[in-house]
Amino acid sequence: MTQHIAELHQGLAKLALDFTERQQELLQRYLALLVKWNQTYNLTAIRQEERMVSYHLLDSLSLVPHLAGGARMLDVGSGGGMPGIPTAIARPDLQVVLLDSNHKKTTFLRQVVVELGLPNVQVVTDRVEAYQPEAKFDRITSRAFSELSEFVKLTRHLLAEDGQYVAMKGVYPYEEIALLPQGVAVSEVLPVTVPGLDAERHLVRMVLQ
């Protein structure tokens with residue numbers, strides 16, 4: 001675990017994220033829970049703890065600098081809690097809803113929220129198209145949930161006026177962008193460098209017109 005802590009510290013520095021010791025501890029505890037529960041709940045295909053720091057923690061945290069201005073964020077198809085849990089740890093001022101239709105995964109997410117004491121996180125077990133929250137969201141994100149057109153189609157009713165989508169993608173999604181429905185505009189596509197991850201990453205920021 002010492003090696004993982006060092007990798008996490010270095011990664012946070014490269015992402016220019018200034019975390020308190022408490023926040024770093026919460027990330028380490030989240031990683032430990034993810035490793036433990038993954039043995040029986042199949043939360044992620046990556047099972048090596050040493051790879052989870054870059055592939056899950058730092059990859060999720062690469063989203064944080066691009067959420068300025070948001071007060072409520074929805075993580076669609078949250079699965080094992082990425083990027084929602086690391087983002088909620090990084091931004092305790094941000095209200096984060098983790099949405100997934102898989103009961104086993106949301107059981108894990110609720111356990112994480114209880115054990116880590118995350119008052120700004122709510123876990124919802126529901127299909128995204130059926131979800132009807134009391135208030136809409138300033139930011140909606142997903143990580144490998146679906147193609148952009150399907151993502152937008154399923155979540156239009158959840159985005160607040162003047163809200164933004166910030167979708168996490170791998171390589172530049174030229175084809176997905178070309179297939180976006182009318183009424184959706186891509187405001188920017190940002191290349192993102194994730195420390196320790198030798199793979200392309202992009203954030204696609206979209207708005208409804």
# chains A, B, ... in the order shown; residues from 1 in each chain; ligands from 1
call {"tool": "residues_around", "arguments": {"residues": "Ala199 of chain A", "least_positions_apart": "3", "cutoff": "12 Å", "atoms": "only C-alpha atoms", "output": "PyMOL selection string"}}
result
chain A and resi 54-55+59+169-172+191-196+202
call {"tool": "closest_atom_pairs", "arguments": {"of": "segment 13-51 of chain A", "to": "segment 70-80 of chain A", "cutoff": "10 Å", "atoms": "only C-alpha atoms", "output": "JSON lines"}}
result
{"residue": "A:Leu34", "atom": "CA", "partner": "A:Gly80", "partner_atom": "CA", "distance": 7.2}
{"residue": "A:Trp37", "atom": "CA", "partner": "A:Gly80", "partner_atom": "CA", "distance": 9.5}
{"residue": "A:Asn38", "atom": "CA", "partner": "A:Gly80", "partner_atom": "CA", "distance": 8.7}
{"residue": "A:Tyr41", "atom": "CA", "partner": "A:Gly80", "partner_atom": "CA", "distance": 9.5}
{"residue": "A:Asn42", "atom": "CA", "partner": "A:Gly80", "partner_atom": "CA", "distance": 9.0}
{"residue": "A:Leu43", "atom": "CA", "partner": "A:Gly80", "partner_atom": "CA", "distance": 5.2}
{"residue": "A:Thr44", "atom": "CA", "partner": "A:Gly80", "partner_atom": "CA", "distance": 6.8}
call {"tool": "write_last_selection", "arguments": {"atoms": "N, CA, C and O atoms", "output": "compact mmCIF listing (two decimals), in the first residue's frame"}}
result
# COMPACT_ATOMS: atom_id res chain seq x y z
N LEU A 34 -12.83 -0.90 -2.67
CA LEU A 34 -13.02 -1.33 -4.06
C LEU A 34 -12.32 -2.66 -4.30
O LEU A 34 -12.88 -3.58 -4.92
N TRP A 37 -14.34 -5.52 -2.21
CA TRP A 37 -15.66 -5.87 -2.74
C TRP A 37 -15.56 -6.42 -4.17
O TRP A 37 -16.43 -7.18 -4.60
N ASN A 38 -14.53 -6.02 -4.88
CA ASN A 38 -14.39 -6.47 -6.27
C ASN A 38 -14.17 -7.98 -6.37
O ASN A 38 -14.45 -8.58 -7.41
N TYR A 41 -18.07 -8.97 -6.05
CA TYR A 41 -19.12 -8.20 -6.71
C TYR A 41 -18.80 -7.82 -8.15
O TYR A 41 -19.64 -7.26 -8.84
N ASN A 42 -17.59 -8.10 -8.61
CA ASN A 42 -17.21 -7.80 -10.00
C ASN A 42 -17.52 -6.35 -10.37
O ASN A 42 -18.21 -6.07 -11.35
N LEU A 43 -16.98 -5.44 -9.61
CA LEU A 43 -17.24 -4.01 -9.81
C LEU A 43 -16.43 -3.43 -10.96
O LEU A 43 -16.86 -2.48 -11.61
N THR A 44 -15.27 -3.99 -11.20
CA THR A 44 -14.39 -3.51 -12.27
C THR A 44 -13.57 -4.67 -12.81
O THR A 44 -13.23 -5.60 -12.08
call {"tool": "select_by_dssp", "arguments": {"residues": "segment 9-187 of chain A", "states": "helix (DSSP H, G or I)", "output": "NGL selection string"}}
result
:A and (9-14 or 21-41 or 49-61 or 64-66 or 84-90 or 103-116 or 128-130 or 148-158 or 174-178)
call {"tool": "atom_distance", "arguments": {"atom1": "atom CA of Ser60 of chain A", "atom2": "atom CA of Asp198 of chain A"}}
result
15.0 Å
call {"tool": "atom_distance", "arguments": {"atom1": "atom CA of Tyr165 of chain A", "atom2": "atom CA of His103 of chain A"}}
result
25.2 Å
call {"tool": "select_by_dssp", "arguments": {"residues": "segment 7-184 of chain A", "states": "strand (DSSP E)", "output": "PyMOL selection string"}}
result
chain A and resi 72-76+95-100+121-125+137-143+159-169+184
call {"tool": "write_last_selection", "arguments": {"atoms": "C-alpha atoms", "output": "short mmCIF file (atom, residue, chain, number, x, y, z; two decimals), in the first residue's frame"}}
result
data_model
loop_
_atom_site.label_atom_id
_atom_site.label_comp_id
_atom_site.auth_asym_id
_atom_site.auth_seq_id
_atom_site.Cartn_x
_atom_site.Cartn_y
_atom_site.Cartn_z
CA ARG A 72 -25.12 19.34 -8.34
CA MET A 73 -23.52 16.54 -10.36
CA LEU A 74 -25.03 13.30 -11.64
CA ASP A 75 -22.75 10.32 -12.32
CA VAL A 76 -24.69 8.11 -14.75
CA GLN A 95 -23.70 17.47 -4.25
CA VAL A 96 -23.11 14.20 -6.12
CA VAL A 97 -25.72 11.62 -7.10
CA LEU A 98 -24.48 8.17 -8.11
CA LEU A 99 -27.02 6.49 -10.38
CA ASP A 100 -26.91 2.83 -11.38
CA VAL A 121 -23.23 11.80 -1.89
CA GLN A 122 -26.58 10.18 -2.63
CA VAL A 123 -26.91 6.72 -4.20
CA VAL A 124 -29.89 5.93 -6.42
CA THR A 125 -30.84 2.53 -7.82
CA PHE A 137 -28.30 18.80 -12.35
CA ASP A 138 -25.77 21.46 -13.32
CA ARG A 139 -23.30 18.81 -14.46
CA ILE A 140 -23.96 15.32 -15.81
CA THR A 141 -21.05 12.97 -16.38
CA SER A 142 -20.41 9.37 -17.32
CA ARG A 143 -17.41 7.13 -17.73
CA LEU A 159 -30.01 18.49 -17.13
CA ALA A 160 -30.76 21.87 -15.59
CA GLU A 161 -31.18 24.98 -17.70
CA ASP A 162 -27.67 26.27 -18.48
CA GLY A 163 -26.29 22.91 -17.31
CA GLN A 164 -23.48 21.04 -19.04
CA TYR A 165 -22.58 17.49 -19.93
CA VAL A 166 -18.98 16.54 -19.20
CA ALA A 167 -18.54 13.08 -20.69
CA MET A 168 -15.35 11.08 -20.11
CA LYS A 169 -14.03 9.36 -23.22
CA VAL A 184 -27.06 19.25 -28.71
#
call {"tool": "closest_residue", "arguments": {"among": "A:Gln28, A:Gln182, A:Gln23, A:Asn120", "to": "Gln209 of chain A", "atoms": "only C-alpha atoms"}}
result
A:Gln182
call {"tool": "residues_around", "arguments": {"residues": "segment 5-18 of chain A", "least_positions_apart": "6", "cutoff": "12 Å", "atoms": "only C-alpha atoms", "output": "ChimeraX atom specification"}}
result
/A:24-29,31-32,49-66,86-87,89-91,192-197
call {"tool": "atom_distance", "arguments": {"atom1": "atom CA of Leu158 of chain A", "atom2": "atom CA of Val204 of chain A"}}
result
17.7 Å
call {"tool": "residues_around", "arguments": {"residues": "segment 127-130 of chain A", "least_positions_apart": "5", "cutoff": "7 Å", "atoms": "only C-alpha atoms", "output": "JSON, numbers by chain"}}
result
{"A": [100, 101, 154, 155]}
call {"tool": "residues_around", "arguments": {"residues": "Val112 of chain A", "least_positions_apart": "2", "cutoff": "9 Å", "atoms": "only C-alpha atoms", "output": "JSON, numbers by chain"}}
result
{"A": [29, 30, 33, 34, 81, 85, 107, 108, 109, 110, 114, 115, 116, 117, 118]}
call {"tool": "write_last_selection", "arguments": {"atoms": "C-alpha atoms", "output": "short mmCIF file (atom, residue, chain, number, x, y, z; two decimals), in the first residue's frame"}}
result
data_model
loop_
_atom_site.label_atom_id
_atom_site.label_comp_id
_atom_site.auth_asym_id
_atom_site.auth_seq_id
_atom_site.Cartn_x
_atom_site.Cartn_y
_atom_site.Cartn_z
CA ARG A 29 -9.90 3.82 2.07
CA TYR A 30 -12.10 3.91 -1.02
CA LEU A 33 -13.02 -1.07 -0.27
CA LEU A 34 -13.02 -1.33 -4.06
CA GLY A 81 -18.27 4.79 -8.09
CA ILE A 85 -16.79 8.97 -5.40
CA THR A 107 -25.18 -1.77 -2.39
CA PHE A 108 -21.42 -1.32 -2.58
CA LEU A 109 -21.76 2.42 -3.21
CA ARG A 110 -24.02 2.87 -0.17
CA VAL A 114 -21.46 5.09 5.10
CA GLU A 115 -17.91 3.93 5.83
CA LEU A 116 -16.24 7.05 4.45
CA GLY A 117 -18.86 9.43 5.82
CA LEU A 118 -19.66 11.32 2.63
#
call {"tool": "decode", "arguments": {"residues": "segment 132-162 of chain A", "atoms": "N, CA and C atoms", "output": "PDB file, in the first residue's frame"}}
result
ATOM      1  N   GLN A 132     -36.434  10.367 -11.786  1.00  0.00           N
ATOM      2  CA  GLN A 132     -37.085  11.675 -11.707  1.00  0.00           C
ATOM      3  C   GLN A 132     -36.692  12.354 -10.386  1.00  0.00           C
ATOM      4  N   PRO A 133     -35.578  13.064 -10.357  1.00  0.00           N
ATOM      5  CA  PRO A 133     -35.130  13.715  -9.109  1.00  0.00           C
ATOM      6  C   PRO A 133     -35.954  14.954  -8.798  1.00  0.00           C
ATOM      7  N   GLU A 134     -35.865  15.412  -7.561  1.00  0.00           N
ATOM      8  CA  GLU A 134     -36.582  16.631  -7.161  1.00  0.00           C
ATOM      9  C   GLU A 134     -35.984  17.866  -7.837  1.00  0.00           C
ATOM     10  N   ALA A 135     -34.684  17.843  -8.066  1.00  0.00           N
ATOM     11  CA  ALA A 135     -34.018  18.973  -8.725  1.00  0.00           C
ATOM     12  C   ALA A 135     -33.098  18.439  -9.820  1.00  0.00           C
ATOM     13  N   LYS A 136     -32.945  19.226 -10.877  1.00  0.00           N
ATOM     14  CA  LYS A 136     -32.089  18.804 -11.986  1.00  0.00           C
ATOM     15  C   LYS A 136     -30.622  19.100 -11.680  1.00  0.00           C
ATOM     16  N   PHE A 137     -29.741  18.771 -12.618  1.00  0.00           N
ATOM     17  CA  PHE A 137     -28.305  18.797 -12.351  1.00  0.00           C
ATOM     18  C   PHE A 137     -27.575  19.817 -13.223  1.00  0.00           C
ATOM     19  N   ASP A 138     -26.614  20.510 -12.597  1.00  0.00           N
ATOM     20  CA  ASP A 138     -25.767  21.464 -13.317  1.00  0.00           C
ATOM     21  C   ASP A 138     -24.756  20.747 -14.207  1.00  0.00           C
ATOM     22  N   ARG A 139     -24.301  19.590 -13.729  1.00  0.00           N
ATOM     23  CA  ARG A 139     -23.305  18.811 -14.461  1.00  0.00           C
ATOM     24  C   ARG A 139     -23.759  17.351 -14.498  1.00  0.00           C
ATOM     25  N   ILE A 140     -23.691  16.753 -15.676  1.00  0.00           N
ATOM     26  CA  ILE A 140     -23.960  15.321 -15.811  1.00  0.00           C
ATOM     27  C   ILE A 140     -22.752  14.686 -16.469  1.00  0.00           C
ATOM     28  N   THR A 141     -22.246  13.631 -15.856  1.00  0.00           N
ATOM     29  CA  THR A 141     -21.049  12.975 -16.380  1.00  0.00           C
ATOM     30  C   THR A 141     -21.277  11.478 -16.494  1.00  0.00           C
ATOM     31  N   SER A 142     -20.409  10.836 -17.235  1.00  0.00           N
ATOM     32  CA  SER A 142     -20.411   9.374 -17.318  1.00  0.00           C
ATOM     33  C   SER A 142     -19.019   8.923 -17.733  1.00  0.00           C
ATOM     34  N   ARG A 143     -18.712   7.712 -17.388  1.00  0.00           N
ATOM     35  CA  ARG A 143     -17.414   7.133 -17.734  1.00  0.00           C
ATOM     36  C   ARG A 143     -17.701   5.757 -18.328  1.00  0.00           C
ATOM     37  N   ALA A 144     -17.601   5.661 -19.647  1.00  0.00           N
ATOM     38  CA  ALA A 144     -17.850   4.393 -20.346  1.00  0.00           C
ATOM     39  C   ALA A 144     -19.282   3.892 -20.132  1.00  0.00           C
ATOM     40  N   PHE A 145     -20.231   4.815 -20.081  1.00  0.00           N
ATOM     41  CA  PHE A 145     -21.632   4.429 -19.904  1.00  0.00           C
ATOM     42  C   PHE A 145     -22.264   4.039 -21.233  1.00  0.00           C
ATOM     43  N   SER A 146     -22.127   4.887 -22.237  1.00  0.00           N
ATOM     44  CA  SER A 146     -22.707   4.612 -23.547  1.00  0.00           C
ATOM     45  C   SER A 146     -22.109   5.586 -24.549  1.00  0.00           C
ATOM     46  N   GLU A 147     -22.514   5.454 -25.816  1.00  0.00           N
ATOM     47  CA  GLU A 147     -22.107   6.439 -26.801  1.00  0.00           C
ATOM     48  C   GLU A 147     -22.786   7.770 -26.492  1.00  0.00           C
ATOM     49  N   LEU A 148     -22.203   8.845 -26.980  1.00  0.00           N
ATOM     50  CA  LEU A 148     -22.675  10.184 -26.622  1.00  0.00           C
ATOM     51  C   LEU A 148     -24.143  10.413 -26.980  1.00  0.00           C
ATOM     52  N   SER A 149     -24.562   9.946 -28.153  1.00  0.00           N
ATOM     53  CA  SER A 149     -25.945  10.184 -28.573  1.00  0.00           C
ATOM     54  C   SER A 149     -26.934   9.516 -27.621  1.00  0.00           C
ATOM     55  N   GLU A 150     -26.640   8.292 -27.208  1.00  0.00           N
ATOM     56  CA  GLU A 150     -27.516   7.577 -26.265  1.00  0.00           C
ATOM     57  C   GLU A 150     -27.468   8.224 -24.887  1.00  0.00           C
ATOM     58  N   PHE A 151     -26.295   8.631 -24.488  1.00  0.00           N
ATOM     59  CA  PHE A 151     -26.100   9.297 -23.203  1.00  0.00           C
ATOM     60  C   PHE A 151     -26.983  10.542 -23.098  1.00  0.00           C
ATOM     61  N   VAL A 152     -26.944  11.374 -24.130  1.00  0.00           N
ATOM     62  CA  VAL A 152     -27.739  12.599 -24.141  1.00  0.00           C
ATOM     63  C   VAL A 152     -29.231  12.292 -24.209  1.00  0.00           C
ATOM     64  N   LYS A 153     -29.582  11.338 -25.060  1.00  0.00           N
ATOM     65  CA  LYS A 153     -30.992  10.975 -25.230  1.00  0.00           C
ATOM     66  C   LYS A 153     -31.613  10.541 -23.901  1.00  0.00           C
ATOM     67  N   LEU A 154     -30.873   9.750 -23.122  1.00  0.00           N
ATOM     68  CA  LEU A 154     -31.399   9.195 -21.874  1.00  0.00           C
ATOM     69  C   LEU A 154     -31.432  10.198 -20.729  1.00  0.00           C
ATOM     70  N   THR A 155     -30.681  11.289 -20.860  1.00  0.00           N
ATOM     71  CA  THR A 155     -30.512  12.202 -19.715  1.00  0.00           C
ATOM     72  C   THR A 155     -31.011  13.619 -19.955  1.00  0.00           C
ATOM     73  N   ARG A 156     -31.600  13.886 -21.089  1.00  0.00           N
ATOM     74  CA  ARG A 156     -32.072  15.246 -21.397  1.00  0.00           C
ATOM     75  C   ARG A 156     -32.962  15.807 -20.283  1.00  0.00           C
ATOM     76  N   HIS A 157     -33.809  14.951 -19.725  1.00  0.00           N
ATOM     77  CA  HIS A 157     -34.773  15.410 -18.717  1.00  0.00           C
ATOM     78  C   HIS A 157     -34.117  15.702 -17.369  1.00  0.00           C
ATOM     79  N   LEU A 158     -32.834  15.399 -17.252  1.00  0.00           N
ATOM     80  CA  LEU A 158     -32.143  15.549 -15.976  1.00  0.00           C
ATOM     81  C   LEU A 158     -31.215  16.765 -15.928  1.00  0.00           C
ATOM     82  N   LEU A 159     -30.955  17.363 -17.077  1.00  0.00           N
ATOM     83  CA  LEU A 159     -30.012  18.487 -17.131  1.00  0.00           C
ATOM     84  C   LEU A 159     -30.726  19.806 -16.869  1.00  0.00           C
ATOM     85  N   ALA A 160     -30.175  20.563 -15.936  1.00  0.00           N
ATOM     86  CA  ALA A 160     -30.756  21.865 -15.595  1.00  0.00           C
ATOM     87  C   ALA A 160     -30.550  22.863 -16.734  1.00  0.00           C
ATOM     88  N   GLU A 161     -31.380  23.901 -16.739  1.00  0.00           N
ATOM     89  CA  GLU A 161     -31.178  24.981 -17.703  1.00  0.00           C
ATOM     90  C   GLU A 161     -29.795  25.578 -17.474  1.00  0.00           C
ATOM     91  N   ASP A 162     -29.058  25.778 -18.542  1.00  0.00           N
ATOM     92  CA  ASP A 162     -27.672  26.267 -18.481  1.00  0.00           C
ATOM     93  C   ASP A 162     -26.714  25.220 -17.908  1.00  0.00           C
TER      94      ASP A 162
END
